[in-house]
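Trainee: For reference, the file data.cif (mmCIF, C-alpha atoms and all ligand atoms) is included below:
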data_model
loop_
_atom_site.group_PDB
_atom_site.id
_atom_site.type_symbol
_atom_site.label_atom_id
_atom_site.label_comp_id
_atom_site.auth_asym_id
_atom_site.auth_seq_id
_atom_site.Cartn_x
_atom_site.Cartn_y
_atom_site.Cartn_z
ATOM 1 C CA MET A 1 -27.899 -40.372 -9.183
ATOM 2 C CA LEU A 2 -24.169 -41.023 -9.469
ATOM 3 C CA LYS A 3 -24.610 -41.900 -13.158
ATOM 4 C CA ALA A 4 -26.036 -38.414 -13.725
ATOM 5 C CA PHE A 5 -22.791 -36.923 -12.396
ATOM 6 C CA GLU A 6 -20.804 -39.314 -14.569
ATOM 7 C CA ASN A 7 -22.874 -38.181 -17.541
ATOM 8 C CA GLY A 8 -21.806 -34.609 -16.905
ATOM 9 C CA ALA A 9 -24.473 -33.150 -14.620
ATOM 10 C CA ASP A 10 -23.216 -30.307 -12.425
ATOM 11 C CA GLY A 11 -26.070 -30.920 -10.025
ATOM 12 C CA VAL A 12 -28.802 -33.474 -9.484
ATOM 13 C CA MET A 13 -32.239 -32.485 -8.288
ATOM 14 C CA VAL A 14 -34.360 -35.354 -6.990
ATOM 15 C CA VAL A 15 -38.081 -34.717 -6.753
ATOM 16 C CA GLY A 16 -40.385 -36.895 -4.697
ATOM 17 C CA CYS A 17 -43.987 -36.670 -3.609
ATOM 18 C CA LEU A 18 -44.977 -35.127 -0.309
ATOM 19 C CA GLU A 19 -43.973 -37.067 2.770
ATOM 20 C CA GLY A 20 -46.912 -39.100 4.037
ATOM 21 C CA ASP A 21 -48.521 -38.926 0.610
ATOM 22 C CA CYS A 22 -46.449 -41.417 -1.374
ATOM 23 C CA HIS A 23 -48.238 -43.934 -3.599
ATOM 24 C CA TYR A 24 -45.583 -46.426 -2.479
ATOM 25 C CA LEU A 25 -46.100 -45.479 1.190
ATOM 26 C CA SER A 26 -42.513 -44.994 2.288
ATOM 27 C CA GLY A 27 -40.832 -44.804 -1.141
ATOM 28 C CA ASN A 28 -40.092 -41.097 -0.816
ATOM 29 C CA ILE A 29 -38.740 -41.508 2.729
ATOM 30 C CA ARG A 30 -36.406 -44.231 1.468
ATOM 31 C CA ALA A 31 -35.432 -42.048 -1.487
ATOM 32 C CA LYS A 32 -34.543 -39.295 0.980
ATOM 33 C CA ALA A 33 -32.196 -41.672 2.809
ATOM 34 C CA ARG A 34 -30.610 -42.719 -0.510
ATOM 35 C CA VAL A 35 -30.143 -39.081 -1.542
ATOM 36 C CA LYS A 36 -28.473 -38.434 1.804
ATOM 37 C CA ARG A 37 -26.103 -41.329 1.153
ATOM 38 C CA VAL A 38 -25.226 -40.066 -2.318
ATOM 39 C CA ALA A 39 -24.732 -36.529 -0.949
ATOM 40 C CA GLY A 40 -22.229 -38.037 1.486
ATOM 41 C CA ILE A 41 -20.445 -39.839 -1.346
ATOM 42 C CA VAL A 42 -20.187 -36.811 -3.650
ATOM 43 C CA ASP A 43 -18.987 -34.727 -0.727
ATOM 44 C CA LYS A 44 -16.285 -37.247 0.196
ATOM 45 C CA ILE A 45 -14.941 -37.427 -3.342
ATOM 46 C CA GLY A 46 -14.706 -33.655 -3.587
ATOM 47 C CA LEU A 47 -17.727 -32.737 -5.719
ATOM 48 C CA GLY A 48 -19.566 -31.008 -2.873
ATOM 49 C CA ALA A 49 -22.650 -32.311 -1.066
ATOM 50 C CA GLY A 50 -24.695 -29.325 -2.272
ATOM 51 C CA ARG A 51 -24.733 -30.685 -5.805
ATOM 52 C CA ILE A 52 -27.561 -33.036 -4.962
ATOM 53 C CA HIS A 53 -30.807 -32.118 -3.279
ATOM 54 C CA MET A 54 -34.233 -33.637 -2.830
ATOM 55 C CA TYR A 55 -37.438 -31.639 -3.047
ATOM 56 C CA ASN A 56 -40.913 -32.859 -2.139
ATOM 57 C CA LEU A 57 -44.063 -31.646 -3.840
ATOM 58 C CA SER A 58 -47.338 -32.963 -5.141
ATOM 59 C CA ALA A 59 -48.155 -33.617 -8.796
ATOM 60 C CA GLY A 60 -50.432 -30.574 -8.821
ATOM 61 C CA GLU A 61 -47.794 -28.053 -7.764
ATOM 62 C CA GLY A 62 -46.407 -27.041 -11.151
ATOM 63 C CA SER A 63 -45.440 -23.528 -10.156
ATOM 64 C CA LYS A 64 -43.701 -24.787 -7.036
ATOM 65 C CA PHE A 65 -41.765 -27.243 -9.182
ATOM 66 C CA ALA A 66 -40.637 -24.393 -11.419
ATOM 67 C CA ALA A 67 -39.612 -22.335 -8.404
ATOM 68 C CA TYR A 68 -37.625 -25.246 -6.929
ATOM 69 C CA ALA A 69 -35.961 -25.908 -10.291
ATOM 70 C CA ASN A 70 -34.941 -22.257 -10.598
ATOM 71 C CA GLU A 71 -33.682 -22.203 -7.035
ATOM 72 C CA PHE A 72 -31.607 -25.341 -7.589
ATOM 73 C CA VAL A 73 -30.180 -24.153 -10.908
ATOM 74 C CA GLU A 74 -29.180 -20.877 -9.257
ATOM 75 C CA ARG A 75 -27.505 -22.747 -6.427
ATOM 76 C CA ILE A 76 -25.523 -24.935 -8.845
ATOM 77 C CA ARG A 77 -24.538 -21.905 -10.951
ATOM 78 C CA GLU A 78 -23.094 -20.361 -7.826
ATOM 79 C CA MET A 79 -21.089 -23.547 -7.154
ATOM 80 C CA GLY A 80 -19.816 -23.554 -10.736
ATOM 81 C CA PRO A 81 -19.072 -26.609 -12.886
ATOM 82 C CA SER A 82 -18.413 -29.894 -11.084
ATOM 83 C CA PRO A 83 -14.769 -30.945 -10.757
ATOM 84 C CA ILE A 84 -15.599 -33.703 -13.239
ATOM 85 C CA ASN A 85 -16.504 -31.187 -15.896
ATOM 86 C CA VAL A 86 -13.507 -29.033 -15.002
ATOM 87 C CA ALA A 87 -11.240 -32.071 -15.483
ATOM 88 C CA ARG A 88 -12.970 -32.943 -18.770
ATOM 89 C CA LEU A 89 -12.555 -29.372 -20.042
ATOM 90 C CA LYS A 90 -8.865 -29.439 -19.187
ATOM 91 C CA GLU A 91 -8.430 -32.700 -21.033
ATOM 92 C CA ALA A 92 -10.320 -31.463 -24.111
ATOM 93 C CA MET B 93 -26.115 -64.732 6.231
ATOM 94 C CA ILE B 94 -22.643 -63.245 6.346
ATOM 95 C CA THR B 95 -22.914 -59.500 6.881
ATOM 96 C CA GLY B 96 -20.545 -56.649 6.206
ATOM 97 C CA THR B 97 -20.126 -52.908 5.893
ATOM 98 C CA PRO B 98 -18.546 -50.902 3.079
ATOM 99 C CA LYS B 99 -14.981 -49.792 3.587
ATOM 100 C CA PRO B 100 -14.529 -46.012 3.718
ATOM 101 C CA ILE B 101 -14.091 -44.696 0.201
ATOM 102 C CA GLU B 102 -10.821 -42.955 1.179
ATOM 103 C CA GLU B 103 -9.366 -46.337 2.177
ATOM 104 C CA ILE B 104 -10.449 -47.928 -1.109
ATOM 105 C CA LEU B 105 -9.030 -45.034 -3.133
ATOM 106 C CA GLU B 106 -5.713 -45.426 -1.323
ATOM 107 C CA MET B 107 -5.667 -49.170 -2.129
ATOM 108 C CA LEU B 108 -6.347 -48.368 -5.773
ATOM 109 C CA GLU B 109 -3.604 -45.766 -6.012
ATOM 110 C CA PRO B 110 -1.272 -47.974 -8.133
ATOM 111 C CA TYR B 111 -4.003 -49.053 -10.571
ATOM 112 C CA ASP B 112 -5.792 -47.585 -13.586
ATOM 113 C CA LYS B 113 -7.732 -50.595 -14.857
ATOM 114 C CA ILE B 114 -9.590 -52.817 -12.432
ATOM 115 C CA ILE B 115 -12.528 -55.162 -11.947
ATOM 116 C CA VAL B 116 -15.110 -54.439 -9.260
ATOM 117 C CA ALA B 117 -16.587 -57.833 -8.398
ATOM 118 C CA GLY B 118 -19.807 -58.329 -6.461
ATOM 119 C CA CYS B 119 -21.550 -61.461 -5.237
ATOM 120 C CA TYR B 120 -25.235 -62.379 -5.499
ATOM 121 C CA GLY B 121 -25.081 -64.307 -2.213
ATOM 122 C CA CYS B 122 -25.114 -63.036 1.373
ATOM 123 C CA VAL B 123 -23.678 -59.607 0.590
ATOM 124 C CA THR B 124 -26.516 -58.896 -1.839
ATOM 125 C CA VAL B 125 -29.039 -59.659 0.890
ATOM 126 C CA CYS B 126 -27.305 -57.367 3.376
ATOM 127 C CA ARG B 127 -26.957 -54.680 0.681
ATOM 128 C CA VAL B 128 -23.209 -54.328 0.794
ATOM 129 C CA GLY B 129 -21.828 -56.292 -2.131
ATOM 130 C CA GLY B 130 -24.457 -57.087 -4.746
ATOM 131 C CA GLU B 131 -24.908 -55.815 -8.292
ATOM 132 C CA LYS B 132 -26.353 -52.486 -7.151
ATOM 133 C CA GLU B 133 -23.454 -51.858 -4.796
ATOM 134 C CA VAL B 134 -21.010 -52.716 -7.584
ATOM 135 C CA GLN B 135 -22.617 -49.968 -9.667
ATOM 136 C CA VAL B 136 -22.535 -47.434 -6.834
ATOM 137 C CA LEU B 137 -18.929 -48.202 -5.951
ATOM 138 C CA ALA B 138 -17.730 -48.212 -9.567
ATOM 139 C CA SER B 139 -19.434 -44.872 -10.259
ATOM 140 C CA THR B 140 -17.993 -43.403 -7.078
ATOM 141 C CA LEU B 141 -14.485 -44.537 -7.976
ATOM 142 C CA ARG B 142 -14.712 -43.272 -11.562
ATOM 143 C CA LEU B 143 -15.951 -39.880 -10.362
ATOM 144 C CA ALA B 144 -13.346 -39.608 -7.611
ATOM 145 C CA ARG B 145 -10.491 -40.511 -9.909
ATOM 146 C CA GLU B 146 -11.643 -38.294 -12.750
ATOM 147 C CA ALA B 147 -12.067 -35.351 -10.365
ATOM 148 C CA ALA B 148 -8.507 -36.008 -9.191
ATOM 149 C CA GLY B 149 -7.288 -35.931 -12.804
ATOM 150 C CA ARG B 150 -6.467 -39.626 -13.085
ATOM 151 C CA LYS B 151 -9.139 -41.732 -14.716
ATOM 152 C CA ILE B 152 -9.725 -45.346 -13.867
ATOM 153 C CA ALA B 153 -11.290 -47.975 -16.145
ATOM 154 C CA ILE B 154 -13.600 -50.369 -14.348
ATOM 155 C CA LYS B 155 -15.251 -53.597 -15.402
ATOM 156 C CA GLU B 156 -18.319 -54.251 -13.273
ATOM 157 C CA ILE B 157 -19.325 -57.838 -12.642
ATOM 158 C CA SER B 158 -21.238 -59.868 -10.090
ATOM 159 C CA LEU B 159 -20.809 -63.592 -9.604
ATOM 160 C CA GLU B 160 -23.495 -65.932 -8.376
ATOM 161 C CA ARG B 161 -21.231 -66.734 -5.419
ATOM 162 C CA GLN B 162 -17.561 -65.924 -4.933
ATOM 163 C CA CYS B 163 -17.218 -68.873 -2.551
ATOM 164 C CA ASP B 164 -17.852 -71.517 -5.231
ATOM 165 C CA PRO B 165 -15.181 -72.407 -7.807
ATOM 166 C CA GLU B 166 -17.510 -72.817 -10.798
ATOM 167 C CA TYR B 167 -18.638 -69.186 -10.564
ATOM 168 C CA ILE B 168 -15.127 -67.875 -10.015
ATOM 169 C CA GLU B 169 -14.076 -69.623 -13.233
ATOM 170 C CA GLN B 170 -16.399 -67.302 -15.150
ATOM 171 C CA MET B 171 -13.814 -64.534 -14.726
ATOM 172 C CA ARG B 172 -10.860 -66.496 -16.030
ATOM 173 C CA ALA B 173 -11.180 -65.368 -19.649
ATOM 174 C CA TYR B 174 -10.521 -61.707 -18.885
ATOM 175 C CA VAL B 175 -9.090 -61.355 -15.376
ATOM 176 C CA GLN B 176 -5.506 -61.077 -16.665
ATOM 177 C CA ASP B 177 -6.494 -57.991 -18.690
ATOM 178 C CA TYR B 178 -6.933 -56.046 -15.438
ATOM 179 C CA GLN B 179 -4.375 -54.831 -12.908
ATOM 180 C CA ALA B 180 -6.412 -55.731 -9.811
ATOM 181 C CA VAL B 181 -9.773 -57.000 -8.605
ATOM 182 C CA LEU B 182 -11.674 -55.081 -5.946
ATOM 183 C CA SER B 183 -14.126 -57.562 -4.457
ATOM 184 C CA ILE B 184 -17.111 -56.644 -2.343
ATOM 185 C CA ALA B 185 -17.993 -60.222 -1.393
ATOM 186 C CA CYS B 186 -17.253 -61.446 2.134
ATOM 187 C CA GLY B 187 -13.712 -62.254 3.225
ATOM 188 C CA ALA B 188 -14.218 -65.889 2.234
ATOM 189 C CA GLY B 189 -15.184 -64.956 -1.309
ATOM 190 C CA ILE B 190 -12.324 -62.471 -1.664
ATOM 191 C CA GLN B 191 -9.794 -65.044 -0.471
ATOM 192 C CA PHE B 192 -11.147 -67.695 -2.797
ATOM 193 C CA LEU B 193 -10.752 -65.322 -5.749
ATOM 194 C CA ALA B 194 -7.186 -64.600 -4.619
ATOM 195 C CA GLU B 195 -6.465 -68.338 -4.449
ATOM 196 C CA LYS B 196 -7.783 -68.961 -7.939
ATOM 197 C CA TYR B 197 -6.188 -65.929 -9.630
ATOM 198 C CA THR B 198 -2.722 -65.958 -8.179
ATOM 199 C CA THR B 199 -1.151 -63.343 -10.425
ATOM 200 C CA THR B 200 -3.802 -60.652 -9.896
ATOM 201 C CA PRO B 201 -3.879 -58.578 -6.691
ATOM 202 C CA LEU B 202 -7.203 -58.956 -4.822
ATOM 203 C CA LEU B 203 -8.439 -56.033 -2.733
ATOM 204 C CA PRO B 204 -11.254 -56.002 -0.145
ATOM 205 C CA GLY B 205 -13.962 -53.398 -0.707
ATOM 206 C CA ILE B 206 -15.949 -54.278 2.411
ATOM 207 C CA ASN B 207 -15.290 -55.117 6.032
ATOM 208 C CA THR B 208 -16.837 -58.532 6.625
ATOM 209 C CA GLY B 209 -18.914 -58.638 9.771
ATOM 210 C CA PHE B 210 -20.758 -61.537 11.338
ATOM 211 C CA LEU B 211 -23.229 -64.402 10.862
ATOM 212 C CA GLY B 212 -26.500 -62.682 11.451
ATOM 213 C CA VAL B 213 -30.107 -61.932 10.673
ATOM 214 C CA THR B 214 -32.086 -59.059 9.196
ATOM 215 C CA GLU B 215 -33.894 -57.335 12.078
ATOM 216 C CA ARG B 216 -35.637 -55.005 9.608
ATOM 217 C CA GLN B 217 -34.646 -53.390 6.321
ATOM 218 C CA GLY B 218 -31.240 -51.830 6.912
ATOM 219 C CA GLU B 219 -30.560 -53.427 10.303
ATOM 220 C CA TRP B 220 -28.718 -56.686 10.981
ATOM 221 C CA SER B 221 -27.569 -58.359 14.162
ATOM 222 C CA GLU B 222 -25.305 -61.230 15.112
ATOM 223 C CA ARG B 223 -26.644 -64.662 16.046
ATOM 224 C CA CYS B 224 -24.006 -67.377 15.589
ATOM 225 C CA GLN B 225 -20.233 -67.655 15.875
ATOM 226 C CA GLY B 226 -19.977 -71.056 14.235
ATOM 227 C CA CYS B 227 -18.665 -72.806 17.343
ATOM 228 C CA GLY B 228 -19.073 -76.215 15.693
ATOM 229 C CA ASP B 229 -21.003 -77.796 18.600
ATOM 230 C CA CYS B 230 -24.440 -76.228 18.758
ATOM 231 C CA VAL B 231 -26.294 -76.115 22.091
ATOM 232 C CA LEU B 232 -29.410 -74.219 21.048
ATOM 233 C CA HIS B 233 -31.614 -77.178 22.055
ATOM 234 C CA LEU B 234 -30.529 -76.622 25.662
ATOM 235 C CA THR B 235 -30.672 -72.838 25.699
ATOM 236 C CA GLY B 236 -34.150 -72.085 24.436
ATOM 237 C CA GLY B 237 -32.862 -71.333 20.949
ATOM 238 C CA ILE B 238 -30.647 -68.463 22.147
ATOM 239 C CA CYS B 239 -26.926 -68.774 21.547
ATOM 240 C CA PRO B 240 -24.776 -68.296 24.651
ATOM 241 C CA VAL B 241 -21.600 -68.069 22.587
ATOM 242 C CA THR B 242 -22.894 -65.099 20.618
ATOM 243 C CA ARG B 243 -25.476 -63.404 22.805
ATOM 244 C CA CYS B 244 -23.362 -63.466 25.958
ATOM 245 C CA ALA B 245 -20.486 -60.995 25.587
ATOM 246 C CA LYS B 246 -18.200 -63.400 27.462
ATOM 247 C CA SER B 247 -19.542 -66.538 25.735
ATOM 248 C CA LEU B 248 -20.244 -68.011 29.157
ATOM 249 C CA PHE B 249 -21.894 -71.389 29.590
ATOM 250 C CA HIS B 250 -23.076 -70.786 33.132
ATOM 251 C CA GLY B 251 -24.363 -67.218 33.083
ATOM 252 C CA PRO B 252 -25.622 -64.722 33.871
ATOM 253 C CA CYS B 253 -22.455 -63.207 35.310
ATOM 254 C CA GLY B 254 -22.321 -60.521 37.997
ATOM 255 C CA GLY B 255 -22.341 -57.827 35.332
ATOM 256 C CA SER B 256 -25.919 -58.572 34.318
ATOM 257 C CA VAL B 257 -28.136 -55.721 35.525
ATOM 258 C CA GLN B 258 -31.884 -55.714 35.008
ATOM 259 C CA GLY B 259 -31.594 -57.738 31.853
ATOM 260 C CA HIS B 260 -28.747 -55.699 30.376
ATOM 261 C CA CYS B 261 -25.178 -56.756 29.729
ATOM 262 C CA GLU B 262 -22.421 -54.799 31.420
ATOM 263 C CA VAL B 263 -20.791 -54.002 28.060
ATOM 264 C CA SER B 264 -23.658 -51.682 27.127
ATOM 265 C CA LYS B 265 -27.152 -50.745 28.227
ATOM 266 C CA ASP B 266 -28.231 -51.384 24.640
ATOM 267 C CA VAL B 267 -27.141 -55.024 24.770
ATOM 268 C CA PRO B 268 -29.547 -57.472 26.389
ATOM 269 C CA CYS B 269 -27.889 -59.989 28.715
ATOM 270 C CA GLY B 270 -27.787 -63.185 26.659
ATOM 271 C CA TRP B 271 -28.114 -65.342 29.738
ATOM 272 C CA GLN B 272 -31.086 -63.395 31.052
ATOM 273 C CA LEU B 273 -32.715 -64.035 27.665
ATOM 274 C CA ILE B 274 -31.900 -67.734 27.946
ATOM 275 C CA ILE B 275 -33.225 -68.083 31.508
ATOM 276 C CA ASP B 276 -36.407 -66.168 30.646
ATOM 277 C CA ARG B 277 -36.965 -68.377 27.612
ATOM 278 C CA LEU B 278 -36.267 -71.615 29.472
ATOM 279 C CA LYS B 279 -38.744 -70.589 32.164
ATOM 280 C CA ALA B 280 -41.361 -69.760 29.538
ATOM 281 C CA LEU B 281 -40.769 -73.154 27.885
ATOM 282 C CA ASP B 282 -40.792 -74.891 31.249
ATOM 283 C CA GLN B 283 -37.329 -76.248 30.434
ATOM 284 C CA MET B 284 -35.270 -74.895 33.325
ATOM 285 C CA ASP B 285 -33.901 -78.420 33.842
ATOM 286 C CA ASN B 286 -31.898 -77.818 30.642
ATOM 287 C CA TYR B 287 -29.781 -75.397 32.634
ATOM 288 C CA THR B 288 -28.291 -78.294 34.578
ATOM 289 C CA LYS B 289 -27.750 -80.321 31.416
ATOM 290 C CA LEU B 290 -25.303 -77.793 29.988
ATOM 291 C CA LYS B 291 -21.820 -79.172 29.971
ATOM 292 C CA PRO B 292 -19.653 -77.919 32.838
ATOM 293 C CA TYR B 293 -17.201 -76.656 30.257
ATOM 294 C CA LYS B 294 -17.339 -76.247 26.528
ATOM 295 C CA GLY B 295 -14.778 -77.861 24.313
ATOM 296 C CA TRP B 296 -13.616 -75.217 21.887
ATOM 297 C CA ASN B 297 -11.722 -77.688 19.717
ATOM 298 C CA THR B 298 -14.617 -77.602 17.233
ATOM 299 C CA SER B 299 -14.381 -73.812 17.132
ATOM 300 C CA ARG B 300 -11.589 -71.540 15.919
ATOM 301 C CA ASP B 301 -9.072 -72.709 18.511
ATOM 302 C CA GLY B 302 -7.843 -75.534 16.301
ATOM 303 C CA GLY B 303 -7.028 -73.161 13.440
ATOM 304 C CA PRO B 304 -8.909 -72.948 10.133
ATOM 305 C CA ARG B 305 -11.591 -75.621 9.919
ATOM 306 C CA ARG B 306 -12.563 -77.965 7.132
ATOM 307 C CA ILE B 307 -15.643 -80.062 6.500
ATOM 308 C CA VAL B 308 -15.362 -83.182 4.369
ATOM 309 C CA ARG B 309 -18.588 -84.954 3.424
ATOM 310 C CA GLU B 310 -17.671 -88.371 2.042
ATOM 311 C CA ASP B 311 -21.247 -88.874 0.829
ATOM 312 C CA MET B 312 -20.975 -85.814 -1.383
ATOM 313 C CA ILE B 313 -17.579 -86.273 -2.941
HETATM 314 S S1 LIG C 401 -18.814 -65.281 -1.281
HETATM 315 FE FE1 LIG C 401 -19.411 -64.765 0.784
HETATM 316 S S2 LIG C 401 -21.054 -63.305 0.483
HETATM 317 FE FE2 LIG C 401 -20.869 -64.427 -1.427
HETATM 318 S S3 LIG C 401 -22.309 -66.146 -1.194
HETATM 319 FE FE3 LIG C 401 -20.288 -66.839 -0.567
HETATM 320 S S4 LIG C 401 -20.343 -66.606 1.655
HETATM 321 FE FE4 LIG C 401 -21.985 -65.337 0.870
HETATM 322 S S1 LIG C 402 -24.065 -72.664 19.953
HETATM 323 FE FE1 LIG C 402 -22.451 -72.530 18.409
HETATM 324 S S2 LIG C 402 -23.357 -73.263 16.488
HETATM 325 FE FE2 LIG C 402 -25.053 -72.904 17.940
HETATM 326 S S3 LIG C 402 -25.724 -70.815 17.435
HETATM 327 FE FE3 LIG C 402 -24.185 -70.638 19.060
HETATM 328 S S4 LIG C 402 -22.202 -70.339 18.026
HETATM 329 FE FE4 LIG C 402 -23.690 -71.059 16.510
#
Could you render the structure from this file as structure tokens?
Mentor:
Amino acid sequence: MLKAFENGADGVMVVGCLEGDCHYLSGNIRAKARVKRVAGIVDKIGLGAGRIHMYNLSAGEGSKFAAYANEFVERIREMGPSPINVARLKEA
Amino acid sequence: MITGTPKPIEEILEMLEPYDKIIVAGCYGCVTVCRVGGEKEVQVLASTLRLAREAAGRKIAIKEISLERQCDPEYIEQMRAYVQDYQAVLSIACGAGIQFLAEKYTTTPLLPGINTGFLGVTERQGEWSERCQGCGDCVLHLTGGICPVTRCAKSLFHGPCGGSVQGHCEVSKDVPCGWQLIIDRLKALDQMDNYTKLKPYKGWNTSRDGGPRRIVREDMI
């Protein structure tokens, strides 16, 4: 997740299966806790916690996936480029 | 294992203020098991630091490494070829490992990336608790396998004290009274006579009171 920000992502959307319906039983619940940790990290270092978010949906919910993706992209657009990309632009 | 918790990132960033090129060094021993200083945590910390510094307009170059154990000289030696190329080493091993690195690389500043905790056990994934304080004169055979030094907040040898209420220690309702645990266990084992075998006082000369301790095993040298 942090690597994605290092690689220039303005936001990171994590998608897991529905809670209670994970092939790995609690994998998505653990992922949620990890995402929460990373949100705390990116917030503390000034990127903004909102730049990472986890969504849960099933493999059959294509349209929901598209709607979540659009919603997330919109949210990140509103936040603007991450301070990393701002710093990189300045340097360039 | 030796446990620990990560230092707040603000504190680490402050420590790193003078430096632009560092090593973040993990350990595959205890701190990997308690998820605070292994390879994965090296990656997370290094990424965090790079992002934080770049966002602040001052990049930092980081070499990420993990040693088999930072408390054994042969593994520490593996860093010798390149350590002088870096301004500092941020170690996320336990305090013993960090100090041993500092002893071996005397011209490089060593910085602690974690707060070392206690000798403990994994209760469940993500939860650890203390069991032993390394007193140097173990009495577990007399106390039903429950350590009075660690589990009793006052390290008493003749508990429970008057602060024990319904099985809880007076320091917190969440802390079981160590001596209540011991008595219950001794009763269950039918070993209550052990209670009278406990020494009237404990000699702490094998513990920390004599300063830093050393073990020399002639048969191993
Ligand atoms: S350096 Fe510390 S954490 Fe690493 S193996 Fe040794 S005692 Fe355990
Ligand atoms: S009695 Fe001493 S050595 Fe034994 S578990 Fe307790 S602190 Fe550790």
Trainee: What residues in chain A have any atom no more than 12 Å from chain B when counting all atoms listed in the file, and can you write them as number ranges by chain?
Mentor: A: 1-9, 30, 33-34, 37-48, 81-91
Trainee: Just the selected residues (C-alpha atoms), exported as a tab-separated table (two decimals), keeping the file's coordinate frame, please.
Mentor:
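Wrote result27.tsv, looks like this:
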chain	number	residue	atom	x	y	z
A	1	MET	CA	-27.90	-40.37	-9.18
A	2	LEU	CA	-24.17	-41.02	-9.47
A	3	LYS	CA	-24.61	-41.90	-13.16
A	4	ALA	CA	-26.04	-38.41	-13.72
A	5	PHE	CA	-22.79	-36.92	-12.40
A	6	GLU	CA	-20.80	-39.31	-14.57
A	7	ASN	CA	-22.87	-38.18	-17.54
A	8	GLY	CA	-21.81	-34.61	-16.90
A	9	ALA	CA	-24.47	-33.15	-14.62
A	30	ARG	CA	-36.41	-44.23	1.47
A	33	ALA	CA	-32.20	-41.67	2.81
A	34	ARG	CA	-30.61	-42.72	-0.51
A	37	ARG	CA	-26.10	-41.33	1.15
A	38	VAL	CA	-25.23	-40.07	-2.32
A	39	ALA	CA	-24.73	-36.53	-0.95
A	40	GLY	CA	-22.23	-38.04	1.49
A	41	ILE	CA	-20.44	-39.84	-1.35
A	42	VAL	CA	-20.19	-36.81	-3.65
A	43	ASP	CA	-18.99	-34.73	-0.73
A	44	LYS	CA	-16.28	-37.25	0.20
A	45	ILE	CA	-14.94	-37.43	-3.34
A	46	GLY	CA	-14.71	-33.66	-3.59
A	47	LEU	CA	-17.73	-32.74	-5.72
A	48	GLY	CA	-19.57	-31.01	-2.87
A	81	PRO	CA	-19.07	-26.61	-12.89
A	82	SER	CA	-18.41	-29.89	-11.08
A	83	PRO	CA	-14.77	-30.94	-10.76
A	84	ILE	CA	-15.60	-33.70	-13.24
A	85	ASN	CA	-16.50	-31.19	-15.90
A	86	VAL	CA	-13.51	-29.03	-15.00
A	87	ALA	CA	-11.24	-32.07	-15.48
A	88	ARG	CA	-12.97	-32.94	-18.77
A	89	LEU	CA	-12.56	-29.37	-20.04
A	90	LYS	CA	-8.86	-29.44	-19.19
A	91	GLU	CA	-8.43	-32.70	-21.03
Trainee: If the limit is 6 Å from any atom of ligand LIG 401 (chain C), counting all atoms listed in the file, which residues qualify? Return them as a PyMOL selection string.
Mentor: chain B and resi 94+119+121-123+161-163+185-186+188-189
Trainee: With distances taken over only C-alpha atoms and all ligand atoms, which residue among B:Met312, B:Leu278, B:Leu232, B:Ile307 lies nearest ligand LIG 402 (chain C)?
Mentor: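 The shortest atom-to-atom distance to ligand LIG 402 (chain C) comes from B:Leu232.
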Trainee: Counting all atoms listed in the file, which residues sit no farther than 12 Å from the position (-39.9, -26.8, -5.5) in the file's frame? I'd like them as number ranges by chain.
Mentor: A: 13-18, 53-73
Trainee: So which residues are near ligand LIG 402 (chain C), meaning at most 8 Å away with only C-alpha atoms and all ligand atoms counted, given back as a compact mmCIF listing (two decimals) with C-alpha atoms, in the coordinates of the input?
Mentor:
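To be explicit, this is the file written out as pocket19.txt:
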# COMPACT_ATOMS: atom_id res chain seq x y z
CA ARG B 223 -26.64 -64.66 16.05
CA CYS B 224 -24.01 -67.38 15.59
CA GLN B 225 -20.23 -67.66 15.88
CA GLY B 226 -19.98 -71.06 14.24
CA CYS B 227 -18.66 -72.81 17.34
CA GLY B 228 -19.07 -76.22 15.69
CA ASP B 229 -21.00 -77.80 18.60
CA CYS B 230 -24.44 -76.23 18.76
CA VAL B 231 -26.29 -76.11 22.09
CA LEU B 232 -29.41 -74.22 21.05
CA GLY B 237 -32.86 -71.33 20.95
CA ILE B 238 -30.65 -68.46 22.15
CA CYS B 239 -26.93 -68.77 21.55
CA PRO B 240 -24.78 -68.30 24.65
CA VAL B 241 -21.60 -68.07 22.59
CA THR B 242 -22.89 -65.10 20.62
Trainee: So how far away is CA of Thr124 in chain B from CA of Leu202 in chain B, in Å?
Mentor: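 Calculated distance between CA of Leu202 in chain B and CA of Thr124 in chain B is 19.5 Å.
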Trainee: Here's the selection I'm unsure about, the PyMOL selection byres (((chain B and resi 153) around 6) and not hetatm); applied to the file above, which residues does it give, as a ChimeraX atom specification?
Mentor: /B:113,152,154
Trainee: I'd like the interatomic distance between CA of Pro201 in chain B and CA of Leu182 in chain B, to a tenth of an Å.
Mentor: 8.6 Å
Trainee: Every residue with an atom at most 12 Å from (-4.0, -59.5, -19.1) (file coordinates; only C-alpha atoms) is what I'm after, so could you write them as a ChimeraX atom specification?
Mentor: /B:113-115,171-180,197,199-200
Trainee: Please compute the CA of Leu159 in chain B-CA of Gly96 in chain B distance, one decimal, in Å.
Mentor: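 Here the two named atoms are 17.3 Å from each other.
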Trainee: Exactly which residues make up the result of the PyMOL selection byres (((chain B and resi 158) around 9) and not hetatm) on this file, given as a JSON list (two decimals) with C-alpha atoms, keeping the file's coordinate frame?
Mentor:
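Output (result.json):
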[["chain", "number", "residue", "atom", "x", "y", "z"],
["B", 116, "VAL", "CA", -15.11, -54.44, -9.26],
["B", 117, "ALA", "CA", -16.59, -57.83, -8.40],
["B", 118, "GLY", "CA", -19.81, -58.33, -6.46],
["B", 119, "CYS", "CA", -21.55, -61.46, -5.24],
["B", 120, "TYR", "CA", -25.24, -62.38, -5.50],
["B", 129, "GLY", "CA", -21.83, -56.29, -2.13],
["B", 130, "GLY", "CA", -24.46, -57.09, -4.75],
["B", 131, "GLU", "CA", -24.91, -55.82, -8.29],
["B", 134, "VAL", "CA", -21.01, -52.72, -7.58],
["B", 156, "GLU", "CA", -18.32, -54.25, -13.27],
["B", 157, "ILE", "CA", -19.32, -57.84, -12.64],
["B", 159, "LEU", "CA", -20.81, -63.59, -9.60],
["B", 160, "GLU", "CA", -23.50, -65.93, -8.38],
["B", 161, "ARG", "CA", -21.23, -66.73, -5.42],
["B", 162, "GLN", "CA", -17.56, -65.92, -4.93]]
